[in-house]
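As provided, structure_34.txt (compact mmCIF, C-alpha atoms) reads as follows.
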# COMPACT_ATOMS: atom_id res chain seq x y z
CA MET A 75 28.03 4.93 18.69
CA SER A 76 26.13 6.08 21.74
CA PRO A 77 22.57 7.28 21.20
CA GLU A 78 23.64 10.64 22.64
CA ASP A 79 26.20 11.28 19.88
CA PRO A 80 25.17 14.78 18.69
CA ARG A 81 26.05 13.93 15.09
CA ALA A 82 23.73 10.92 15.16
CA VAL A 83 20.96 13.10 16.57
CA GLU A 84 21.50 15.61 13.74
CA VAL A 85 21.45 12.85 11.12
CA GLU A 86 18.29 11.30 12.53
CA ALA A 87 16.65 14.73 12.34
CA ALA A 88 17.73 15.07 8.69
CA ASN A 89 16.35 11.60 8.00
CA ALA A 90 13.01 12.47 9.64
CA ALA A 91 12.87 15.74 7.65
CA PHE A 92 13.25 13.75 4.43
CA TYR A 93 10.12 11.70 5.16
CA GLU A 94 8.16 14.71 6.47
CA THR A 95 8.93 16.50 3.20
CA LEU A 96 7.57 13.54 1.26
CA GLU A 97 4.44 13.55 3.42
CA ARG A 98 3.90 17.25 2.73
CA GLY A 99 4.58 16.77 -0.99
CA ASP A 100 6.90 19.76 -0.93
CA ALA A 101 9.06 19.46 -4.07
CA ALA A 102 10.96 22.71 -3.42
CA ALA A 103 11.94 21.57 0.09
CA MET A 104 12.93 18.16 -1.31
CA ASP A 105 15.36 19.87 -3.71
CA GLU A 106 17.15 21.42 -0.74
CA LEU A 107 17.55 18.15 1.14
CA TRP A 108 19.83 16.66 -1.51
CA LEU A 109 23.50 17.43 -2.11
CA LEU A 110 24.10 19.97 -4.82
CA ASP A 111 26.50 17.73 -6.73
CA ASP A 112 25.46 15.30 -9.42
CA GLY A 113 26.81 12.27 -7.59
CA VAL A 114 23.46 11.73 -5.87
CA SER A 115 21.55 8.51 -6.53
CA CYS A 116 18.17 7.08 -5.63
CA VAL A 117 16.38 3.75 -5.86
CA HIS A 118 12.64 3.76 -5.19
CA PRO A 119 11.20 0.36 -4.23
CA GLY A 120 11.18 -1.86 -7.32
CA TRP A 121 12.82 0.79 -9.50
CA PRO A 122 16.17 0.85 -11.26
CA VAL A 123 18.85 3.32 -10.11
CA LEU A 124 18.29 7.01 -10.77
CA SER A 125 21.49 9.08 -10.94
CA GLY A 126 22.11 12.80 -10.71
CA ARG A 127 19.97 15.62 -9.31
CA GLY A 128 17.88 15.86 -12.49
CA GLU A 129 16.64 12.28 -12.50
CA VAL A 130 16.34 12.02 -8.73
CA LEU A 131 14.43 15.24 -8.10
CA ARG A 132 12.19 14.77 -11.13
CA SER A 133 11.18 11.35 -9.79
CA TYR A 134 10.22 12.86 -6.43
CA ALA A 135 8.27 15.68 -8.03
CA LEU A 136 6.32 13.15 -10.10
CA ILE A 137 5.74 10.74 -7.22
CA MET A 138 4.52 13.56 -4.99
CA ALA A 139 2.27 14.89 -7.75
CA HIS A 140 0.65 11.44 -8.07
CA THR A 141 0.25 10.80 -4.35
CA GLU A 142 -2.90 12.10 -2.72
CA TYR A 143 -1.95 11.02 0.79
CA ILE A 144 1.12 9.36 2.27
CA GLN A 145 2.34 8.92 5.81
CA PHE A 146 5.54 7.25 7.01
CA PHE A 147 5.89 5.57 10.39
CA LEU A 148 9.61 4.92 10.77
CA THR A 149 10.86 2.08 12.95
CA ASP A 150 14.28 0.48 13.51
CA VAL A 151 16.05 3.77 12.75
CA ARG A 152 19.83 3.37 13.08
CA ALA A 153 22.27 6.16 12.27
CA GLN A 154 25.97 5.40 11.82
CA VAL A 155 28.28 8.39 11.46
CA ALA A 156 31.91 8.40 10.29
CA GLY A 157 33.46 11.83 9.81
CA ASP A 158 31.26 13.84 7.47
CA THR A 159 29.26 10.89 6.20
CA ALA A 160 26.38 8.96 7.74
CA VAL A 161 24.42 5.84 6.85
CA VAL A 162 20.88 5.58 8.19
CA THR A 163 18.82 2.41 7.90
CA CYS A 164 15.14 2.29 8.76
CA THR A 165 11.91 0.46 8.18
CA GLU A 166 9.30 2.53 6.37
CA ASN A 167 5.78 1.62 7.45
CA ILE A 168 3.80 3.46 4.80
CA LEU A 169 0.14 4.37 4.73
CA SER A 170 -0.96 5.89 1.44
CA GLY A 171 -4.07 6.63 -0.51
CA GLY A 172 -5.01 7.83 -3.96
CA PRO A 173 -7.93 10.00 -4.96
CA ALA A 174 -11.36 8.38 -4.75
CA GLU A 175 -13.72 8.26 -7.70
CA SER A 176 -15.99 10.89 -6.21
CA ALA A 177 -14.30 14.28 -6.13
CA GLY A 178 -13.02 15.53 -2.81
CA GLU A 179 -12.91 12.07 -1.25
CA LEU A 180 -9.82 10.03 -0.40
CA GLY A 181 -9.51 6.58 -1.98
CA PRO A 182 -8.88 3.43 0.04
CA LEU A 183 -5.75 3.52 2.19
CA VAL A 184 -3.03 0.99 1.47
CA GLY A 185 -0.40 -0.15 3.97
CA GLN A 186 3.06 -0.96 2.69
CA HIS A 187 6.29 -2.05 4.22
CA ALA A 188 9.71 -1.12 2.89
CA VAL A 189 13.26 -0.71 4.15
CA ALA A 190 15.67 2.07 3.30
CA THR A 191 19.35 2.86 3.43
CA ASN A 192 19.91 6.62 3.35
CA VAL A 193 23.39 8.09 3.03
CA PHE A 194 24.01 11.68 4.14
CA ARG A 195 26.99 14.04 3.89
CA ARG A 196 27.61 16.99 6.17
CA THR A 197 27.78 20.33 4.37
CA PRO A 198 28.05 23.90 5.70
CA ASP A 199 24.23 23.95 5.45
CA GLY A 200 23.73 20.71 7.37
CA TRP A 201 23.37 17.04 6.48
CA ARG A 202 22.27 16.46 2.91
CA LEU A 203 21.17 13.29 1.10
CA TRP A 204 23.77 11.60 -1.06
CA SER A 205 21.85 8.37 -1.68
CA HIS A 206 18.47 6.85 -0.94
CA HIS A 207 17.77 3.18 -1.58
CA GLY A 208 14.35 1.86 -0.69
CA SER A 209 13.10 -1.67 -1.32
CA PRO A 210 10.03 -3.75 -0.68
CA VAL A 211 10.23 -6.36 2.06
CA LEU A 212 9.13 -9.55 0.34
CA MET A 213 10.43 -11.99 2.93
CA GLU A 214 7.97 -11.67 5.77
CA ASP A 215 7.40 -13.32 9.04
CA PRO A 216 4.40 -15.52 8.06
CA ASP A 217 2.53 -14.22 11.11
CA HIS A 218 2.61 -10.73 9.66
CA ALA A 219 2.33 -11.49 5.97
CA ALA A 220 -1.35 -10.58 5.88
CA ASP A 221 -0.62 -7.12 7.28
CA ASP A 222 2.00 -6.37 4.69
CA ALA A 223 0.60 -7.97 1.57
CA GLY A 224 -0.51 -5.59 -1.14
CA PRO A 225 -4.20 -5.55 -2.00
CA ALA A 226 -3.93 -6.76 -5.59
CA PRO A 227 -3.50 -10.55 -5.25
CA ASP A 228 -6.25 -10.88 -2.64
CA ASP A 229 -8.58 -8.74 -4.68
CA ASP A 230 -7.97 -10.89 -7.72
CA GLU A 231 -8.63 -14.05 -5.76
CA ALA A 232 -11.79 -12.61 -4.26
CA ALA A 233 -12.99 -11.74 -7.75
CA GLY A 234 -12.32 -15.31 -8.91
CA ARG A 235 -9.68 -14.25 -11.43
CA MET B 85 34.43 12.87 -10.98
CA SER B 86 36.54 11.89 -13.94
CA PRO B 87 36.70 8.19 -14.79
CA GLU B 88 40.47 8.41 -14.24
CA ASP B 89 40.14 9.43 -10.58
CA PRO B 90 42.42 6.88 -8.86
CA ARG B 91 40.08 6.66 -5.86
CA ALA B 92 37.15 5.76 -8.10
CA VAL B 93 39.26 3.08 -9.75
CA GLU B 94 40.15 1.65 -6.33
CA VAL B 95 36.54 1.66 -5.24
CA GLU B 96 35.35 0.00 -8.42
CA ALA B 97 37.95 -2.72 -7.84
CA ALA B 98 36.68 -3.21 -4.27
CA ASN B 99 33.14 -3.41 -5.61
CA ALA B 100 34.13 -6.01 -8.20
CA ALA B 101 35.98 -8.01 -5.53
CA PHE B 102 32.78 -8.12 -3.46
CA TYR B 103 30.86 -9.83 -6.26
CA GLU B 104 33.76 -12.12 -7.18
CA THR B 105 33.89 -13.27 -3.56
CA LEU B 106 30.17 -14.07 -3.70
CA GLU B 107 30.72 -16.01 -6.93
CA ARG B 108 33.50 -18.03 -5.30
CA GLY B 109 31.41 -18.60 -2.18
CA ASP B 110 34.40 -17.65 -0.04
CA ALA B 111 33.00 -16.80 3.41
CA ALA B 112 36.41 -16.08 4.95
CA ALA B 113 37.26 -13.60 2.18
CA MET B 114 33.81 -12.01 2.58
CA ASP B 115 34.52 -11.36 6.27
CA GLU B 116 37.58 -9.31 5.28
CA LEU B 117 35.69 -7.14 2.80
CA TRP B 118 33.51 -5.58 5.49
CA LEU B 119 34.48 -2.89 8.00
CA LEU B 120 35.49 -4.24 11.37
CA ASP B 121 33.02 -2.04 13.25
CA ASP B 122 29.47 -3.03 14.04
CA GLY B 123 27.96 -0.13 12.14
CA VAL B 124 27.75 -2.23 8.96
CA SER B 125 24.36 -2.97 7.44
CA CYS B 126 23.01 -5.06 4.60
CA VAL B 127 19.74 -5.50 2.73
CA HIS B 128 19.48 -8.48 0.41
CA PRO B 129 16.77 -8.16 -2.27
CA GLY B 130 13.38 -8.50 -0.58
CA TRP B 131 14.87 -8.83 2.92
CA PRO B 132 14.61 -6.60 5.96
CA VAL B 133 17.71 -4.73 7.19
CA LEU B 134 20.52 -6.76 8.77
CA SER B 135 22.74 -4.79 11.17
CA GLY B 136 26.17 -5.50 12.59
CA ARG B 137 28.92 -7.84 11.45
CA GLY B 138 27.29 -10.87 13.09
CA GLU B 139 23.98 -10.66 11.23
CA VAL B 140 25.51 -9.49 7.97
CA LEU B 141 28.28 -12.07 7.69
CA ARG B 142 26.07 -14.91 8.89
CA SER B 143 23.60 -14.08 6.11
CA TYR B 144 26.34 -14.25 3.49
CA ALA B 145 27.66 -17.53 4.86
CA LEU B 146 24.15 -18.99 4.66
CA ILE B 147 23.42 -17.61 1.19
CA MET B 148 26.73 -18.90 -0.15
CA ALA B 149 26.18 -22.31 1.48
CA HIS B 150 22.82 -22.60 -0.28
CA THR B 151 23.98 -21.38 -3.67
CA GLU B 152 25.38 -23.98 -6.02
CA TYR B 153 26.27 -21.55 -8.77
CA ILE B 154 26.04 -17.78 -9.09
CA GLN B 155 27.52 -15.30 -11.50
CA PHE B 156 27.17 -11.51 -11.53
CA PHE B 157 27.38 -9.41 -14.67
CA LEU B 158 27.60 -5.84 -13.45
CA THR B 159 26.39 -2.98 -15.60
CA ASP B 160 25.83 0.75 -14.98
CA VAL B 161 28.59 0.82 -12.37
CA ARG B 162 28.99 4.35 -10.95
CA ALA B 163 31.41 5.17 -8.15
CA GLN B 164 31.12 8.47 -6.29
CA VAL B 165 33.92 9.27 -3.84
CA ALA B 166 33.95 11.99 -1.15
CA GLY B 167 36.94 11.93 1.18
CA ASP B 168 37.21 8.49 2.72
CA THR B 169 33.71 7.36 1.74
CA ALA B 170 32.33 6.11 -1.55
CA VAL B 171 28.90 5.22 -2.88
CA VAL B 172 28.75 2.73 -5.75
CA THR B 173 25.54 1.99 -7.63
CA CYS B 174 25.26 -0.84 -10.11
CA THR B 175 22.88 -3.19 -11.85
CA GLU B 176 23.40 -6.83 -10.91
CA ASN B 177 22.56 -9.14 -13.78
CA ILE B 178 22.54 -12.45 -11.94
CA LEU B 179 22.71 -15.98 -13.30
CA SER B 180 22.28 -18.61 -10.62
CA GLY B 181 21.50 -22.27 -10.26
CA GLY B 182 20.70 -24.68 -7.48
CA PRO B 183 21.62 -28.35 -7.27
CA ALA B 184 19.77 -30.69 -9.62
CA GLU B 185 17.87 -33.71 -8.38
CA SER B 186 20.52 -36.10 -9.66
CA ALA B 187 23.75 -35.78 -7.72
CA GLY B 188 26.61 -33.95 -9.39
CA GLU B 189 24.38 -32.10 -11.81
CA LEU B 190 23.54 -28.42 -11.82
CA GLY B 191 19.87 -27.46 -11.65
CA PRO B 192 18.22 -25.09 -14.10
CA LEU B 193 19.82 -21.67 -14.32
CA VAL B 194 17.74 -18.65 -13.35
CA GLY B 195 18.37 -15.11 -14.55
CA GLN B 196 17.62 -12.25 -12.18
CA HIS B 197 17.91 -8.54 -12.27
CA ALA B 198 18.65 -6.40 -9.23
CA VAL B 199 20.16 -3.04 -8.38
CA ALA B 200 22.54 -2.25 -5.56
CA THR B 201 23.87 0.69 -3.61
CA ASN B 202 27.17 -0.21 -1.95
CA VAL B 203 28.85 2.17 0.50
CA PHE B 204 32.59 1.82 1.18
CA ARG B 205 34.98 3.46 3.64
CA ARG B 206 38.70 3.75 3.17
CA THR B 207 40.77 2.05 5.87
CA PRO B 208 44.53 1.49 6.19
CA ASP B 209 43.84 -1.91 4.58
CA GLY B 210 41.88 -0.51 1.66
CA TRP B 211 38.23 0.18 0.90
CA ARG B 212 35.85 -1.85 3.05
CA LEU B 213 32.07 -2.30 2.84
CA TRP B 214 30.00 -0.22 5.22
CA SER B 215 26.59 -0.94 3.66
CA HIS B 216 25.09 -3.05 0.89
CA HIS B 217 21.50 -2.56 -0.24
CA GLY B 218 20.24 -4.74 -3.07
CA SER B 219 16.70 -4.78 -4.42
CA PRO B 220 14.70 -6.44 -7.17
CA VAL B 221 13.76 -4.38 -10.20
CA LEU B 222 9.99 -4.81 -10.48
CA MET B 223 9.24 -1.95 -12.84
CA GLU B 224 8.20 -3.20 -16.29
CA ASP B 225 10.17 -0.78 -18.39
CA PRO B 226 13.33 0.14 -16.48
CA ASP B 227 14.83 1.99 -19.45
CA HIS B 228 12.22 4.69 -19.15
CA ALA B 229 11.96 4.92 -15.40
CA ALA B 230 13.33 8.43 -15.26
CA ASP B 231 10.96 9.58 -17.99
CA ASP B 232 7.88 7.79 -16.70
CA ALA B 233 8.35 8.24 -12.96
CA GLY B 234 5.22 7.80 -10.95
CA PRO B 235 3.06 5.03 -9.60
CA ALA B 236 3.14 2.93 -12.77
CA PRO B 237 -0.40 3.14 -14.17
CA ASP B 238 0.56 0.30 -16.53
CA ASP B 239 0.71 -2.06 -13.55
CA ASP B 240 -2.91 -1.35 -12.71
CA GLU B 241 -3.91 -1.98 -16.29
CA ALA B 242 -2.00 -5.22 -16.37
CA ALA B 243 -3.77 -6.33 -13.20
CA GLY B 244 -7.12 -5.62 -14.85
CA ARG B 245 -8.08 -3.00 -12.30
Structure rendered as structure tokens:
Amino acid sequence: MSPEDPRAVEVEAANAAFYETLERGDAAAMDELWLLDDGVSCVHPGWPVLSGRGEVLRSYALIMAHTEYIQFFLTDVRAQVAGDTAVVTCTENILSGGPAESAGELGPLVGQHAVATNVFRRTPDGWRLWSHHGSPVLMEDPDHAADDAGPAPDDDEAAGR
Amino acid sequence: MSPEDPRAVEVEAANAAFYETLERGDAAAMDELWLLDDGVSCVHPGWPVLSGRGEVLRSYALIMAHTEYIQFFLTDVRAQVAGDTAVVTCTENILSGGPAESAGELGPLVGQHAVATNVFRRTPDGWRLWSHHGSPVLMEDPDHAADDAGPAPDDDEAAGR
């Protein structure tokens, strides 16, 4: 598919809107991004499958409620469209932070690295999510492992545990 | 969709054939299960995204060449069909073994637990894979994921933080 394919451009915009909605923590907007039928499914990194609008949207509402700050830098975005369906793959470079111990402050930022396969269907209201599957990237180029490693193991080592 | 939907039955059969082909280690059969266009994509658990028939099929050939024994017990299989596209989610309960140190013996078996989202498209030759995304289940209590969504406070406790 050529990069100028208007359907691919539409789908990439829908994919970007999905991550922007997560960044804003806007649960009502998230509800509108998903298909209205109960065939939707979602896998958050490290999670089992969630099926149906109830499970999927509740998980996003809870994740957004527990996330003080999150920003997605998407790379390797590829949209493949066939008829009214599209598959988008991308790398999610995630910067997130929880609340700090002192009120009003942001806790330490954590960088994470995941990949996603997002499936969209075209509806009269635009492209809507049918499936999201995100997963941690555990197999890293050794040169970049330090950038992508979570903080926990290093912290434990530093503390002599 | 009712469980009797003939399209869902076809798709579930295609999904089962995918795992049976992996079990048999049949690289030639695997090539035929995927769409002929280069829009295919694949994420093995913990891996980055592989795109295009070349990368995807080479990865399967390599995985199958390095796997002495593998068996998939699929549970929670759900097929959702819309027109000529289908999304199948399932839990992969995997039993695998590598070669033992003494020739002709099988090494110790390892049980693993992953989830997959498999996207199929209908072609004149039947349902073919468009995308596979598999990921490890890292959450401690998968049975309650939908109820306890959120950034797993138990993990922090377990890590002594």
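Here CA of Arg205 (chain B) is placed at a distance of 6.4 Å from CA of Ala170 (chain B).
Here CA of Val161 (chain A) is placed at a distance of 27.0 Å from CA of Gly109 (chain B).
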- Item | Distance filter 7 Å, all atoms listed in the file, chain A against chain B, as number ranges by chain | A: 113, 120-124, 129, 133, 136-137, 140, 154, 189, 191, 207, 209-213
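Picture a line from CA of Gly126 (chain A) to CA of Glu96 (chain B); it runs 18.6 Å.
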- Message: Please return as number ranges by chain every residue within 12 Å of (24.9, 19.5, 5.9), taking into account only C-alpha atoms and the file's own coordinates.
- Response: A: 81, 84-85, 87-89, 106-110, 158-160, 193-204
